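One file, model-v3.pdb, carrying PDB, C-alpha atoms and all ligand atoms:
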MODEL        1
ATOM      1  CA  MET E   1      56.862  57.996  65.284  1.00  0.00           C
ATOM      2  CA  ARG E   2      60.008  58.558  63.314  1.00  0.00           C
ATOM      3  CA  PRO E   3      61.567  61.955  63.520  1.00  0.00           C
ATOM      4  CA  ARG E   4      61.198  63.920  60.362  1.00  0.00           C
ATOM      5  CA  GLU E   5      64.292  63.728  58.191  1.00  0.00           C
ATOM      6  CA  PRO E   6      65.866  67.163  58.377  1.00  0.00           C
ATOM      7  CA  ALA E   7      66.454  68.861  55.090  1.00  0.00           C
ATOM      8  CA  LYS E   8      70.016  68.650  53.894  1.00  0.00           C
ATOM      9  CA  VAL E   9      71.815  71.833  54.666  1.00  0.00           C
ATOM     10  CA  GLU E  10      74.471  72.488  52.103  1.00  0.00           C
ATOM     11  CA  ILE E  11      77.783  73.882  53.172  1.00  0.00           C
ATOM     12  CA  HIS E  12      81.162  74.455  51.674  1.00  0.00           C
ATOM     13  CA  CYS E  13      83.380  72.689  54.110  1.00  0.00           C
ATOM     14  CA  PRO E  14      86.555  74.594  55.005  1.00  0.00           C
ATOM     15  CA  ALA E  15      88.232  71.407  56.204  1.00  0.00           C
ATOM     16  CA  CYS E  16      87.850  69.222  53.140  1.00  0.00           C
ATOM     17  CA  GLY E  17      87.144  72.016  50.692  1.00  0.00           C
ATOM     18  CA  ARG E  18      84.203  70.218  49.195  1.00  0.00           C
ATOM     19  CA  ASP E  19      80.588  71.050  48.807  1.00  0.00           C
ATOM     20  CA  ALA E  20      79.042  68.954  51.482  1.00  0.00           C
ATOM     21  CA  TRP E  21      76.143  69.007  53.836  1.00  0.00           C
ATOM     22  CA  LEU E  22      75.754  69.124  57.557  1.00  0.00           C
ATOM     23  CA  THR E  23      75.082  66.300  59.883  1.00  0.00           C
ATOM     24  CA  ARG E  24      73.621  67.144  63.238  1.00  0.00           C
ATOM     25  CA  LYS E  25      73.558  64.847  66.196  1.00  0.00           C
ATOM     26  CA  ALA E  26      71.970  65.722  69.448  1.00  0.00           C
ATOM     27  CA  GLN E  27      74.183  65.353  72.454  1.00  0.00           C
ATOM     28  CA  TYR E  28      72.588  64.080  75.599  1.00  0.00           C
ATOM     29  CA  ASP E  29      73.684  64.179  79.148  1.00  0.00           C
ATOM     30  CA  GLY E  30      71.553  61.384  80.496  1.00  0.00           C
ATOM     31  CA  PHE E  31      68.144  62.354  79.160  1.00  0.00           C
ATOM     32  CA  THR E  32      68.875  66.007  78.914  1.00  0.00           C
ATOM     33  CA  LYS E  33      69.771  67.365  75.567  1.00  0.00           C
ATOM     34  CA  VAL E  34      72.858  69.433  76.134  1.00  0.00           C
ATOM     35  CA  GLY E  35      73.775  70.338  72.656  1.00  0.00           C
ATOM     36  CA  GLU E  36      74.266  69.332  69.111  1.00  0.00           C
ATOM     37  CA  ILE E  37      77.231  68.055  67.240  1.00  0.00           C
ATOM     38  CA  VAL E  38      77.363  69.699  63.849  1.00  0.00           C
ATOM     39  CA  ALA E  39      79.754  68.144  61.414  1.00  0.00           C
ATOM     40  CA  CYS E  40      80.646  67.905  57.762  1.00  0.00           C
ATOM     41  CA  ALA E  41      78.989  64.838  56.299  1.00  0.00           C
ATOM     42  CA  LEU E  42      81.971  64.116  54.085  1.00  0.00           C
ATOM     43  CA  CYS E  43      84.978  64.513  56.335  1.00  0.00           C
ATOM     44  CA  GLY E  44      83.467  64.738  59.776  1.00  0.00           C
ATOM     45  CA  HIS E  45      84.901  68.163  60.523  1.00  0.00           C
ATOM     46  CA  LEU E  46      83.198  69.515  63.626  1.00  0.00           C
ATOM     47  CA  PHE E  47      81.832  73.007  63.738  1.00  0.00           C
ATOM     48  CA  ASP E  48      82.050  74.584  67.144  1.00  0.00           C
ATOM     49  CA  SER E  49      79.243  77.028  66.732  1.00  0.00           C
ATOM     50  CA  GLU E  50      76.520  78.036  64.315  1.00  0.00           C
ATOM     51  CA  ALA E  51      78.561  81.069  63.382  1.00  0.00           C
ATOM     52  CA  ASP E  52      81.305  78.826  62.015  1.00  0.00           C
ATOM     53  CA  ILE E  53      79.071  76.964  59.630  1.00  0.00           C
ATOM     54  CA  PRO E  54      79.820  77.945  56.050  1.00  0.00           C
ATOM     55  CA  TYR E  55      76.304  77.691  54.680  1.00  0.00           C
ATOM     56  CA  LYS E  56      76.261  77.557  50.950  1.00  0.00           C
ATOM     57  CA  ASN E  57      73.034  79.203  50.031  1.00  0.00           C
ATOM     58  CA  SER E  58      71.981  81.744  52.584  1.00  0.00           C
ATOM     59  CA  ARG E  59      75.343  83.430  52.909  1.00  0.00           C
ATOM     60  CA  THR E  60      76.068  83.712  49.234  1.00  0.00           C
ATOM     61  CA  PRO E  61      76.029  87.357  48.339  1.00  0.00           C
ATOM     62  CA  LYS E  62      73.785  88.206  45.473  1.00  0.00           C
ATOM     63  CA  VAL E  63      76.098  89.047  42.634  1.00  0.00           C
ATOM     64  CA  PHE E  64      73.572  90.514  40.307  1.00  0.00           C
ATOM     65  CA  THR E  65      70.928  92.955  41.339  1.00  0.00           C
ATOM     66  CA  GLU E  66      68.317  94.780  39.371  1.00  0.00           C
ATOM     67  CA  ALA E  67      70.564  97.825  39.275  1.00  0.00           C
ATOM     68  CA  ASP E  68      73.271  95.872  37.476  1.00  0.00           C
ATOM     69  CA  ARG E  69      71.131  95.025  34.527  1.00  0.00           C
ATOM     70  CA  PRO E  70      72.116  96.807  31.378  1.00  0.00           C
ATOM     71  CA  ARG E  71      69.830  99.660  30.577  1.00  0.00           C
ATOM     72  CA  PRO E  72      67.379  98.840  27.873  1.00  0.00           C
ATOM     73  CA  VAL E  73      68.473 100.063  24.506  1.00  0.00           C
ATOM     74  CA  GLN E  74      66.709 103.229  23.647  1.00  0.00           C
ATOM     75  CA  ILE E  75      64.059 102.494  21.142  1.00  0.00           C
ATOM     76  CA  PHE E  76      63.391 104.963  18.373  1.00  0.00           C
ATOM     77  CA  ASN E  77      60.125 104.740  16.661  1.00  0.00           C
ATOM     78  CA  GLU E  78      60.347 103.665  13.055  1.00  0.00           C
ATOM     79  CA  ASP E  79      59.682 107.070  11.619  1.00  0.00           C
ATOM     80  CA  GLU E  80      62.411 108.724  13.606  1.00  0.00           C
ATOM     81  CA  LYS E  81      64.831 105.910  12.931  1.00  0.00           C
ATOM     82  CA  GLY E  82      64.065 106.233   9.241  1.00  0.00           C
ATOM     83  CA  LYS E  83      65.411 109.774   9.235  1.00  0.00           C
ATOM     84  CA  MET E  84      68.395 109.394  11.496  1.00  0.00           C
ATOM     85  CA  CYS E  85      71.675 110.654  10.134  1.00  0.00           C
ATOM     86  CA  ARG E  86      73.395 107.349  10.712  1.00  0.00           C
ATOM     87  CA  TYR E  87      71.118 105.755   8.164  1.00  0.00           C
ATOM     88  CA  CYS E  88      71.493 108.582   5.690  1.00  0.00           C
ATOM     89  CA  ALA E  89      73.462 108.409   2.462  1.00  0.00           C
ATOM     90  CA  GLU E  90      75.078 111.738   3.328  1.00  0.00           C
ATOM     91  CA  TYR E  91      76.341 110.557   6.688  1.00  0.00           C
ATOM     92  CA  VAL E  92      80.120 110.370   6.718  1.00  0.00           C
ATOM     93  CA  VAL E  93      82.103 108.905   9.535  1.00  0.00           C
ATOM     94  CA  ASN E  94      85.766 109.464  10.019  1.00  0.00           C
ATOM     95  CA  PRO E  95      87.821 108.812  13.132  1.00  0.00           C
ATOM     96  CA  PHE E  96      87.288 112.271  14.544  1.00  0.00           C
ATOM     97  CA  VAL E  97      83.959 113.506  13.435  1.00  0.00           C
ATOM     98  CA  GLN E  98      80.657 112.478  12.001  1.00  0.00           C
ATOM     99  CA  ARG E  99      79.586 114.755   9.220  1.00  0.00           C
ATOM    100  CA  CYS E 100      76.665 115.346   6.988  1.00  0.00           C
ATOM    101  CA  ALA E 101      78.033 115.605   3.460  1.00  0.00           C
ATOM    102  CA  LEU E 102      74.929 117.394   2.332  1.00  0.00           C
ATOM    103  CA  HIS E 103      75.016 120.205   4.886  1.00  0.00           C
ATOM    104  CA  GLN E 104      78.764 120.156   5.452  1.00  0.00           C
ATOM    105  CA  ARG E 105      78.365 120.139   9.163  1.00  0.00           C
ATOM    106  CA  GLU E 106      78.980 117.965  12.143  1.00  0.00           C
ATOM    107  CA  VAL E 107      76.165 115.671  13.082  1.00  0.00           C
ATOM    108  CA  GLU E 108      75.352 113.042  15.641  1.00  0.00           C
ATOM    109  CA  ALA E 109      74.457 109.550  14.536  1.00  0.00           C
ATOM    110  CA  THR E 110      71.110 109.968  16.203  1.00  0.00           C
ATOM    111  CA  ASP E 111      70.310 113.332  14.667  1.00  0.00           C
ATOM    112  CA  THR E 112      67.356 113.435  12.389  1.00  0.00           C
ATOM    113  CA  CYS E 113      67.144 115.491   9.268  1.00  0.00           C
ATOM    114  CA  PRO E 114      64.345 116.532   6.918  1.00  0.00           C
ATOM    115  CA  HIS E 115      66.734 116.047   3.979  1.00  0.00           C
ATOM    116  CA  PHE E 116      67.304 112.456   4.866  1.00  0.00           C
ATOM    117  CA  ARG E 117      68.230 110.219   1.986  1.00  0.00           C
ATOM    118  CA  PRO E 118      68.359 106.488   2.662  1.00  0.00           C
ATOM    119  CA  LYS E 119      71.778 104.968   2.555  1.00  0.00           C
ATOM    120  CA  PRO E 120      72.234 102.231  -0.043  1.00  0.00           C
ATOM    121  CA  PRO E 121      72.291  98.716   1.374  1.00  0.00           C
ATOM    122  CA  PRO E 122      75.312  98.442   3.680  1.00  0.00           C
ATOM    123  CA  GLU E 123      77.256  95.843   1.788  1.00  0.00           C
ATOM    124  CA  GLU E 124      80.769  97.095   2.341  1.00  0.00           C
ATOM    125  CA  GLU E 125      79.982  98.882   5.557  1.00  0.00           C
ATOM    126  CA  THR E 126      82.319  98.019   8.346  1.00  0.00           C
ATOM    127  CA  ASP E 127      81.175  98.333  11.847  1.00  0.00           C
ATOM    128  CA  GLY E 128      83.153 100.809  13.875  1.00  0.00           C
ATOM    129  CA  LEU E 129      85.888 103.122  12.794  1.00  0.00           C
ATOM    130  CA  SER E 130      88.927 102.151  10.823  1.00  0.00           C
ATOM    131  CA  LEU E 131      92.063 102.976  12.729  1.00  0.00           C
ATOM    132  CA  GLY E 132      94.223 103.263   9.663  1.00  0.00           C
ATOM    133  CA  PRO E 133      97.965 102.714   9.605  1.00  0.00           C
ATOM    134  CA  LEU E 134      99.669 103.411  12.877  1.00  0.00           C
TER
HETATM  135 ZN    ZN E 201      84.437  68.429  55.146  1.00  0.00          ZN
ENDMDL
END

What is this structure when it is put down as structure tokens?
Amino acid sequence: MRPREPAKVEIHCPACGRDAWLTRKAQYDGFTKVGEIVACALCGHLFDSEADIPYKNSRTPKVFTEADRPRPVQIFNEDEKGKMCRYCAEYVVNPFVQRCALHQREVEATDTCPHFRPKPPPEEETDGLSLGPL
């Protein structure tokens, strides 16, 4: 019976600097297995112990976790969105304050107002605030 082909174990070899895989050869003293030679398949670099083997997959730290995902954008229901100050014709943005021209007071973009008046189609609207001349 042929021994089962071991799965390729991918490593990043520190000797040749390449992505390679491991070769393992059993070492025998007579008929007694005394150890294993573990080497880089590409350059033959020998690893002295399991701890030295730079496994590619299992040791890779997970870069992204669930906690890193951007928070979902807050969804406003259509009705609320329809009355938000930022969509209102009276909503005025300048670099320092957002104002309601109708009530002459400071507002938040996400405020809602019973006197909401839909803004005309945003043809010339620029996104963000103009910095003006420096
Ligand atoms: Zn190598």

Practice prompt. Please identify all polymer residues lying at most 6 Å from the point (73.4, 112.4, 5.0) (file coordinates), using all atoms listed in the file, and present the result as JSON, numbers by chain.
Written response: {"E": [85, 88, 89, 90, 91, 100, 101, 102]}

Worksheet item: In Å to one decimal, how far is atom CA of E:Cys40 from atom CA of E:Ile11?
Response: 8.1 Å

Name all residues at most 9 Å from E:Val38 (count all atoms listed in the file; drop same-chain ones fewer than 4 positions away) and give them as an mmCIF file with C-alpha atoms, in the coordinates of the input.
data_model
loop_
_atom_site.group_PDB
_atom_site.id
_atom_site.type_symbol
_atom_site.label_atom_id
_atom_site.label_comp_id
_atom_site.auth_asym_id
_atom_site.auth_seq_id
_atom_site.Cartn_x
_atom_site.Cartn_y
_atom_site.Cartn_z
ATOM 1 C CA LEU E 22 75.754 69.124 57.557
ATOM 2 C CA THR E 23 75.082 66.300 59.883
ATOM 3 C CA ARG E 24 73.621 67.144 63.238
ATOM 4 C CA LYS E 25 73.558 64.847 66.196
ATOM 5 C CA ALA E 26 71.970 65.722 69.448
ATOM 6 C CA GLY E 44 83.467 64.738 59.776
ATOM 7 C CA HIS E 45 84.901 68.163 60.523
ATOM 8 C CA LEU E 46 83.198 69.515 63.626
ATOM 9 C CA PHE E 47 81.832 73.007 63.738
ATOM 10 C CA ASP E 48 82.050 74.584 67.144
ATOM 11 C CA SER E 49 79.243 77.028 66.732
ATOM 12 C CA GLU E 50 76.520 78.036 64.315
ATOM 13 C CA ILE E 53 79.071 76.964 59.630
#

Worksheet item: Evaluating the PyMOL selection byres (((not hetatm)) within 8 of (chain E and resi 201)) on the displayed file yields which residues, as a list in words?
Response: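 Output of the PyMOL selection byres (((not hetatm)) within 8 of (chain E and resi 201)): His12, Cys13, Pro14, Ala15, Cys16, Gly17, Arg18, Asp19, Ala20, Ala39, Cys40, Ala41, Leu42, Cys43, Gly44 and His45 of chain E.
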
Selection to disk with C-alpha atoms, as a PDB file, keeping the file's coordinate frame:
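Output (part.pdb):
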ATOM      1  CA  HIS E  12      81.162  74.455  51.674  1.00  0.00           C
ATOM      2  CA  CYS E  13      83.380  72.689  54.110  1.00  0.00           C
ATOM      3  CA  PRO E  14      86.555  74.594  55.005  1.00  0.00           C
ATOM      4  CA  ALA E  15      88.232  71.407  56.204  1.00  0.00           C
ATOM      5  CA  CYS E  16      87.850  69.222  53.140  1.00  0.00           C
ATOM      6  CA  GLY E  17      87.144  72.016  50.692  1.00  0.00           C
ATOM      7  CA  ARG E  18      84.203  70.218  49.195  1.00  0.00           C
ATOM      8  CA  ASP E  19      80.588  71.050  48.807  1.00  0.00           C
ATOM      9  CA  ALA E  20      79.042  68.954  51.482  1.00  0.00           C
ATOM     10  CA  ALA E  39      79.754  68.144  61.414  1.00  0.00           C
ATOM     11  CA  CYS E  40      80.646  67.905  57.762  1.00  0.00           C
ATOM     12  CA  ALA E  41      78.989  64.838  56.299  1.00  0.00           C
ATOM     13  CA  LEU E  42      81.971  64.116  54.085  1.00  0.00           C
ATOM     14  CA  CYS E  43      84.978  64.513  56.335  1.00  0.00           C
ATOM     15  CA  GLY E  44      83.467  64.738  59.776  1.00  0.00           C
ATOM     16  CA  HIS E  45      84.901  68.163  60.523  1.00  0.00           C
TER      17      HIS E  45
END

Practice prompt. Run the PyMOL selection byres (((chain E and resi 111-121) around 6) and not hetatm) against the file shown and list the residues it catches, as a list in words.
Written response: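 That expression, the PyMOL selection byres (((chain E and resi 111-121) around 6) and not hetatm), corresponds here to Lys83, Met84, Cys85, Tyr87, Cys88, Ala89, Glu108, Ala109, Thr110, Pro122 and Glu123 of chain E.
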
Worksheet item: Please, what distance in Å, to one decimal, runs between atom CA of E:Lys56 and atom CA of E:Glu10?
Response: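 Atom CA of E:Glu10 lies at a distance of 5.5 Å from atom CA of E:Lys56.
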
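Rounded to one decimal, atom CA of E:Lys8 and atom CA of E:Phe31 lie 26.1 Å from each other.
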
Item to complete: Would you write out, as JSON, numbers by chain, every residue that the PyMOL selection byres (((chain E and resi 94-98) around 7) and not hetatm) captures in this file?
Response: {"E": [92, 93, 99, 106, 107, 108, 129]}
